[in-house]
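Below is one structure, written out as structure tokens; comments come after it.
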Amino acid sequence: MHSGVRWSPLGLALTLLLLCTLGIALGSAVGSTGVQSWLNAWQDSVAWQIVWDIRLPRTLGAWTAGALLGLAGAVAQGLFRNPLADPYLLGSASGASLGVAVALALLGGSPFAAEFLLRLGVTGAAFAGAVLAVLLTLLLSRGVQHTLRLLLAGVIVGVVLGALASLISLMRPDVLQAMQGFLLGSTSFISWASCALMWGVLVICLALALALSRVLDALTLGESTALSLGLPLAPVRVVLVCVLALATGTAVAQTGLIAFVGLAAPHLVRSMVKAKHNGVLLLSALMGGALLLTADLLARMVIAPQEMPVGVLTAVLGGGYLLWLMYRSQHMRGAR
């Protein structure tokens, strides 16, 4: 599944940074009020507030959430040695959905309501639900020693918690309507405080993942080989699972469920460059940011002045990309 054109890691990183910079600049100019707010920002206080307090934090937040999901996807694929692994593999998405459903049933209202306390309660519930789901997965799998058992436990936890979230939604129709914003994904209500939180988590998770990248390199050769090199696999797995849970839970709590970004970003990176895990992790974060930023811009422009749910666009684009990869792989095998 490799493309014909190979990039150097540095060249791809610089290209992604340039594209993301242009995307952030464009994001400050795109919105329901058009480019006029951006042009009048220096003279009009209302226009300045629209650009500075709404568009910029949303755009930067979309990039940061995408970077968290891209990094989490690269960690998951390296940890489980499975190119189909994604950030939600350990049940974090279903746990976050259950947390939001419970919070809405208790508090009422929309997950993206303007009231500060309600928003804090819902985002906190989503994060807590995601982390508790991962902890439940670890409990069922009896730790992180057995990768297959961990994967199966994640699937079971995801199905059960997802069913509980659906049950709560059916019992409370008002919750079902409010849950749609969370399930479809939205970057519309990211604030500067949310951006700061996600940036802090991104720096911590990226630093930990890069510090353990050599272990991920060794795991690609098999667990027995990694153990023969004297690597402490059990504690390293614990840290990597924590990185995966923290990055995913933080992104999901702020944007809802965004599909395919964490799965497609590492795939795109590996199809374009040949690098060790330290390069793959960093480039996957940049690629994830670029993907979600692009989807966010398209969501604002496709049916302007209305907006599409950004999660719908990422699902369509990501699913289309993976289908193309499958077709291309089968076509190349048939040509042989």
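Letters for chains follow the order of the structure tokens (A, B, ...), residue numbers begin at 1 for each chain, and ligand numbers begin at 1 in the order shown.
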
Using only C-alpha atoms, determine which residues lie at most 12 Å from A:Ser8, disregarding the query and same-chain residues fewer than 5 positions distant; provide the list as a PDB file with N, CA and C atoms, in the first residue's frame.
ATOM      1  N   ALA A  13       7.172  16.926   6.538  1.00  0.00           N
ATOM      2  CA  ALA A  13       6.866  17.717   7.734  1.00  0.00           C
ATOM      3  C   ALA A  13       6.743  19.202   7.384  1.00  0.00           C
ATOM      4  N   LEU A  14       7.672  19.719   6.588  1.00  0.00           N
ATOM      5  CA  LEU A  14       7.628  21.136   6.208  1.00  0.00           C
ATOM      6  C   LEU A  14       6.401  21.427   5.338  1.00  0.00           C
ATOM      7  N   THR A  15       6.080  20.503   4.437  1.00  0.00           N
ATOM      8  CA  THR A  15       4.896  20.686   3.592  1.00  0.00           C
ATOM      9  C   THR A  15       3.624  20.720   4.423  1.00  0.00           C
ATOM     10  N   VAL A 269       0.880   8.651   6.205  1.00  0.00           N
ATOM     11  CA  VAL A 269       2.306   8.895   6.468  1.00  0.00           C
ATOM     12  C   VAL A 269       3.149   7.730   5.983  1.00  0.00           C
ATOM     13  N   ARG A 270       2.739   6.508   6.307  1.00  0.00           N
ATOM     14  CA  ARG A 270       3.533   5.344   5.908  1.00  0.00           C
ATOM     15  C   ARG A 270       3.520   5.132   4.397  1.00  0.00           C
ATOM     16  N   SER A 271       2.476   5.589   3.726  1.00  0.00           N
ATOM     17  CA  SER A 271       2.436   5.451   2.271  1.00  0.00           C
ATOM     18  C   SER A 271       3.306   6.481   1.570  1.00  0.00           C
ATOM     19  N   MET A 272       3.719   7.532   2.318  1.00  0.00           N
ATOM     20  CA  MET A 272       4.481   8.617   1.697  1.00  0.00           C
ATOM     21  C   MET A 272       5.951   8.638   2.104  1.00  0.00           C
ATOM     22  N   VAL A 273       6.264   8.152   3.298  1.00  0.00           N
ATOM     23  CA  VAL A 273       7.652   8.185   3.771  1.00  0.00           C
ATOM     24  C   VAL A 273       8.030   6.835   4.357  1.00  0.00           C
ATOM     25  N   LYS A 274       9.301   6.594   4.395  1.00  0.00           N
ATOM     26  CA  LYS A 274       9.852   5.420   5.081  1.00  0.00           C
ATOM     27  C   LYS A 274      10.643   5.953   6.264  1.00  0.00           C
ATOM     28  N   ALA A 275      10.130   5.721   7.461  1.00  0.00           N
ATOM     29  CA  ALA A 275      10.740   6.290   8.657  1.00  0.00           C
ATOM     30  C   ALA A 275      10.526   5.367   9.836  1.00  0.00           C
ATOM     31  N   GLY A 279       9.744   9.306  13.634  1.00  0.00           N
ATOM     32  CA  GLY A 279       9.252  10.111  12.521  1.00  0.00           C
ATOM     33  C   GLY A 279       7.787   9.878  12.238  1.00  0.00           C
ATOM     34  N   VAL A 280       7.344   8.613  12.319  1.00  0.00           N
ATOM     35  CA  VAL A 280       5.939   8.292  12.049  1.00  0.00           C
ATOM     36  C   VAL A 280       5.022   8.959  13.073  1.00  0.00           C
ATOM     37  N   LEU A 283       4.982  12.821  12.342  1.00  0.00           N
ATOM     38  CA  LEU A 283       4.301  13.097  11.078  1.00  0.00           C
ATOM     39  C   LEU A 283       2.821  12.734  11.140  1.00  0.00           C
TER      40      LEU A 283
END

Contacts of A:Val261 within 7 Å, only C-alpha atoms, excl. fewer than 3 positions in-chain, as a ChimeraX atom specification: /A:66,69-70,258,264-265,288,291-292,314,318

DSSP alpha helix (DSSP H) residues within stretch 259-325 of chain A, as a PyMOL selection string: chain A and resi 261-272+277-301+310-325

Between stretch 53-73 of chain A and stretch 250-254 of chain A, at 10 Å or less, what are the per-residue closest atom pairs and their distances in Å? Count only C-alpha atoms, order by chain and rising residue number, and return it as a Markdown table.
| residue | atom | partner | partner_atom | distance |
| --- | --- | --- | --- | --- |
| A:Gly61 | CA | A:Gln254 | CA | 8.6 |
| A:Ala62 | CA | A:Ala251 | CA | 9.2 |
| A:Thr64 | CA | A:Ala251 | CA | 8.1 |
| A:Ala65 | CA | A:Ala251 | CA | 4.9 |
| A:Gly66 | CA | A:Ala251 | CA | 7.7 |
| A:Ala67 | CA | A:Ala251 | CA | 9.0 |
| A:Leu68 | CA | A:Ala251 | CA | 6.4 |
| A:Leu69 | CA | A:Ala251 | CA | 6.9 |

N, CA and C atoms of the current selection, written as a CSV table (one decimal), in the first residue's frame:
chain,number,residue,atom,x,y,z
A,61,GLY,N,-8.2,24.7,17.4
A,61,GLY,CA,-8.7,23.5,18.1
A,61,GLY,C,-8.9,22.3,17.2
A,62,ALA,N,-9.4,22.6,16.0
A,62,ALA,CA,-9.6,21.5,15.0
A,62,ALA,C,-8.2,20.8,14.7
A,64,THR,N,-5.5,20.9,16.6
A,64,THR,CA,-4.9,20.2,17.7
A,64,THR,C,-5.7,18.9,18.0
A,65,ALA,N,-7.0,18.8,17.9
A,65,ALA,CA,-7.7,17.6,18.1
A,65,ALA,C,-7.3,16.6,17.0
A,66,GLY,N,-7.2,17.0,15.8
A,66,GLY,CA,-6.7,16.1,14.7
A,66,GLY,C,-5.3,15.6,15.0
A,67,ALA,N,-4.4,16.4,15.5
A,67,ALA,CA,-3.1,16.0,15.9
A,67,ALA,C,-3.1,15.0,17.0
A,68,LEU,N,-4.0,15.2,18.0
A,68,LEU,CA,-4.1,14.2,19.1
A,68,LEU,C,-4.6,12.8,18.6
A,69,LEU,N,-5.6,12.9,17.7
A,69,LEU,CA,-6.1,11.6,17.1
A,69,LEU,C,-5.1,10.9,16.2

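Residue nearest A:Val201 within the list A:Gly154, A:Gly73, A:Gly249, A:Gly162: A:Gly249 [criterion: smallest interatomic distance, only C-alpha atoms].
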
Two-atom distance - atom CA of A:Val310, atom CA of A:Phe260 (Å):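 Distance between the two atoms: 11.5 Å.
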
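For the choices A:Leu89, A:Thr248, A:Gly262, A:Ala304, the atom-to-atom distance to A:Ala290 is smallest for A:Gly262 when using only C-alpha atoms.
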
Contacts of stretch 236-244 of chain A within 6 Å, only C-alpha atoms, excl. fewer than 2 positions in-chain, as an MDAnalysis selection string: chainID A and resid 72 205 233:234 246:247

Only all heavy atoms, please: the residues just picked out, written as a PDB file, in the first residue's frame.
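This went into out.pdb:
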ATOM      1  N   ALA A  72      -2.503   9.373  18.470  1.00  0.00           N
ATOM      2  CA  ALA A  72      -3.078   8.196  19.128  1.00  0.00           C
ATOM      3  C   ALA A  72      -3.186   7.031  18.149  1.00  0.00           C
ATOM      4  O   ALA A  72      -2.944   5.872  18.522  1.00  0.00           O
ATOM      5  CB  ALA A  72      -4.448   8.539  19.709  1.00  0.00           C
ATOM      6  N   CYS A 205       1.813  14.004  25.584  1.00  0.00           N
ATOM      7  CA  CYS A 205       1.668  12.704  24.910  1.00  0.00           C
ATOM      8  C   CYS A 205       2.724  12.515  23.832  1.00  0.00           C
ATOM      9  O   CYS A 205       3.275  11.415  23.672  1.00  0.00           O
ATOM     10  CB  CYS A 205       0.274  12.586  24.301  1.00  0.00           C
ATOM     11  SG  CYS A 205      -1.044  12.421  25.519  1.00  0.00           S
ATOM     12  N   LEU A 233       8.884  -4.473  28.400  1.00  0.00           N
ATOM     13  CA  LEU A 233       7.665  -4.315  27.610  1.00  0.00           C
ATOM     14  C   LEU A 233       6.442  -3.977  28.460  1.00  0.00           C
ATOM     15  O   LEU A 233       5.614  -3.161  28.049  1.00  0.00           O
ATOM     16  CB  LEU A 233       7.395  -5.600  26.815  1.00  0.00           C
ATOM     17  CG  LEU A 233       8.343  -5.893  25.651  1.00  0.00           C
ATOM     18  CD1 LEU A 233       7.825  -7.069  24.852  1.00  0.00           C
ATOM     19  CD2 LEU A 233       8.508  -4.678  24.761  1.00  0.00           C
ATOM     20  N   ALA A 234       6.298  -4.612  29.619  1.00  0.00           N
ATOM     21  CA  ALA A 234       5.091  -4.398  30.430  1.00  0.00           C
ATOM     22  C   ALA A 234       4.928  -2.935  30.857  1.00  0.00           C
ATOM     23  O   ALA A 234       3.875  -2.325  30.597  1.00  0.00           O
ATOM     24  CB  ALA A 234       5.097  -5.319  31.640  1.00  0.00           C
ATOM     25  N   LEU A 246      -5.230   9.124  27.056  1.00  0.00           N
ATOM     26  CA  LEU A 246      -5.233  10.558  27.351  1.00  0.00           C
ATOM     27  C   LEU A 246      -5.447  11.382  26.089  1.00  0.00           C
ATOM     28  O   LEU A 246      -6.261  12.319  26.067  1.00  0.00           O
ATOM     29  CB  LEU A 246      -3.923  10.949  28.033  1.00  0.00           C
ATOM     30  CG  LEU A 246      -3.780  12.412  28.456  1.00  0.00           C
ATOM     31  CD1 LEU A 246      -4.873  12.790  29.454  1.00  0.00           C
ATOM     32  CD2 LEU A 246      -2.398  12.663  29.062  1.00  0.00           C
ATOM     33  N   ALA A 247      -4.727  11.040  25.017  1.00  0.00           N
ATOM     34  CA  ALA A 247      -4.859  11.793  23.764  1.00  0.00           C
ATOM     35  C   ALA A 247      -6.266  11.648  23.191  1.00  0.00           C
ATOM     36  O   ALA A 247      -6.900  12.636  22.798  1.00  0.00           O
ATOM     37  CB  ALA A 247      -3.818  11.312  22.754  1.00  0.00           C
TER      38      ALA A 247
END

Atomic separation - atom CA of A:Gln177 relative to atom CA of A:Met198, Å: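 Atom CA of A:Gln177 lies 27.0 Å from atom CA of A:Met198.
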
Near-A:Arg172 list (10 Å; only C-alpha atoms; drop same-chain fewer than 4 positions) as a PyMOL selection string: chain A and resi 101+104-105+108+166-168+176-177

How about saving the chosen residues, all heavy atoms kept, as a PDB file, in the first residue's frame?
ATOM      1  N   ALA A 101     -24.036  10.684  27.573  1.00  0.00           N
ATOM      2  CA  ALA A 101     -25.447  10.316  27.743  1.00  0.00           C
ATOM      3  C   ALA A 101     -25.873  10.433  29.209  1.00  0.00           C
ATOM      4  O   ALA A 101     -26.953  10.954  29.511  1.00  0.00           O
ATOM      5  CB  ALA A 101     -25.674   8.896  27.229  1.00  0.00           C
ATOM      6  N   LEU A 104     -26.035  14.180  30.156  1.00  0.00           N
ATOM      7  CA  LEU A 104     -27.216  14.834  29.602  1.00  0.00           C
ATOM      8  C   LEU A 104     -28.489  14.384  30.314  1.00  0.00           C
ATOM      9  O   LEU A 104     -29.408  15.181  30.523  1.00  0.00           O
ATOM     10  CB  LEU A 104     -27.321  14.541  28.104  1.00  0.00           C
ATOM     11  CG  LEU A 104     -26.254  15.192  27.221  1.00  0.00           C
ATOM     12  CD1 LEU A 104     -26.382  14.712  25.794  1.00  0.00           C
ATOM     13  CD2 LEU A 104     -26.356  16.704  27.288  1.00  0.00           C
ATOM     14  N   ALA A 105     -28.544  13.104  30.660  1.00  0.00           N
ATOM     15  CA  ALA A 105     -29.719  12.616  31.381  1.00  0.00           C
ATOM     16  C   ALA A 105     -29.834  13.280  32.753  1.00  0.00           C
ATOM     17  O   ALA A 105     -30.936  13.555  33.232  1.00  0.00           O
ATOM     18  CB  ALA A 105     -29.645  11.101  31.531  1.00  0.00           C
ATOM     19  N   GLY A 108     -29.501  17.589  31.518  1.00  0.00           N
ATOM     20  CA  GLY A 108     -30.394  18.091  30.477  1.00  0.00           C
ATOM     21  C   GLY A 108     -29.684  19.074  29.570  1.00  0.00           C
ATOM     22  O   GLY A 108     -28.593  19.547  29.850  1.00  0.00           O
ATOM     23  N   SER A 166     -26.867   3.845  24.073  1.00  0.00           N
ATOM     24  CA  SER A 166     -28.058   3.811  23.216  1.00  0.00           C
ATOM     25  C   SER A 166     -29.321   3.612  24.047  1.00  0.00           C
ATOM     26  O   SER A 166     -30.374   4.212  23.766  1.00  0.00           O
ATOM     27  CB  SER A 166     -27.936   2.689  22.182  1.00  0.00           C
ATOM     28  OG  SER A 166     -26.822   2.889  21.350  1.00  0.00           O
ATOM     29  N   LEU A 167     -29.228   2.775  25.084  1.00  0.00           N
ATOM     30  CA  LEU A 167     -30.384   2.524  25.946  1.00  0.00           C
ATOM     31  C   LEU A 167     -30.815   3.793  26.671  1.00  0.00           C
ATOM     32  O   LEU A 167     -32.006   4.112  26.739  1.00  0.00           O
ATOM     33  CB  LEU A 167     -30.040   1.424  26.951  1.00  0.00           C
ATOM     34  CG  LEU A 167     -31.153   0.992  27.911  1.00  0.00           C
ATOM     35  CD1 LEU A 167     -32.332   0.420  27.119  1.00  0.00           C
ATOM     36  CD2 LEU A 167     -30.625  -0.033  28.903  1.00  0.00           C
ATOM     37  N   ILE A 168     -29.839   4.544  27.194  1.00  0.00           N
ATOM     38  CA  ILE A 168     -30.161   5.806  27.875  1.00  0.00           C
ATOM     39  C   ILE A 168     -30.798   6.778  26.892  1.00  0.00           C
ATOM     40  O   ILE A 168     -31.773   7.476  27.211  1.00  0.00           O
ATOM     41  CB  ILE A 168     -28.891   6.409  28.504  1.00  0.00           C
ATOM     42  CG1 ILE A 168     -28.406   5.523  29.653  1.00  0.00           C
ATOM     43  CG2 ILE A 168     -29.157   7.824  29.006  1.00  0.00           C
ATOM     44  CD1 ILE A 168     -27.082   5.966  30.249  1.00  0.00           C
ATOM     45  N   LEU A 176     -31.434  11.852  23.266  1.00  0.00           N
ATOM     46  CA  LEU A 176     -31.135  11.352  21.917  1.00  0.00           C
ATOM     47  C   LEU A 176     -30.892  12.500  20.954  1.00  0.00           C
ATOM     48  O   LEU A 176     -29.951  12.477  20.161  1.00  0.00           O
ATOM     49  CB  LEU A 176     -32.290  10.476  21.422  1.00  0.00           C
ATOM     50  CG  LEU A 176     -32.146   9.904  20.004  1.00  0.00           C
ATOM     51  CD1 LEU A 176     -30.928   9.012  19.916  1.00  0.00           C
ATOM     52  CD2 LEU A 176     -33.400   9.139  19.613  1.00  0.00           C
ATOM     53  N   GLN A 177     -31.726  13.524  21.027  1.00  0.00           N
ATOM     54  CA  GLN A 177     -31.557  14.665  20.127  1.00  0.00           C
ATOM     55  C   GLN A 177     -30.279  15.429  20.452  1.00  0.00           C
ATOM     56  O   GLN A 177     -29.534  15.836  19.551  1.00  0.00           O
ATOM     57  CB  GLN A 177     -32.764  15.593  20.240  1.00  0.00           C
ATOM     58  CG  GLN A 177     -32.729  16.764  19.267  1.00  0.00           C
ATOM     59  CD  GLN A 177     -33.987  17.609  19.343  1.00  0.00           C
ATOM     60  OE1 GLN A 177     -34.862  17.361  20.168  1.00  0.00           O
ATOM     61  NE2 GLN A 177     -34.086  18.602  18.487  1.00  0.00           N
TER      62      GLN A 177
END

Who sits within 12 Å of A:Leu150, only C-alpha atoms, same chain under 6 positions skipped, as a ChimeraX atom specification: /A:76,79-80,89-91,134-144,156-157,237-238,241

Residue with smallest distance to A:Asp53 - pool A:Thr255, A:Ser188, A:Trp199, A:Leu229, counting only C-alpha atoms: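 For A:Asp53, the nearest of the candidates is A:Ser188.
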
Using only C-alpha atoms: which of A:Ser194, A:Leu298, A:Leu317, A:Ser284 has the shortest distance to A:Leu206: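 Once distances to A:Leu206 are computed over only C-alpha atoms, the minimum belongs to A:Ser284.
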
Nearest to A:Gly289, chosen from A:Leu107, A:Ala193, A:Leu202, A:Ser186, with only C-alpha atoms counted in the distances: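 Closest to A:Gly289, using only C-alpha atoms: A:Leu202.
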
For atom CA of A:Leu257 and atom CA of A:Leu183, the interatomic separation in Å (one decimal):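 A separation of 5.3 Å between them.
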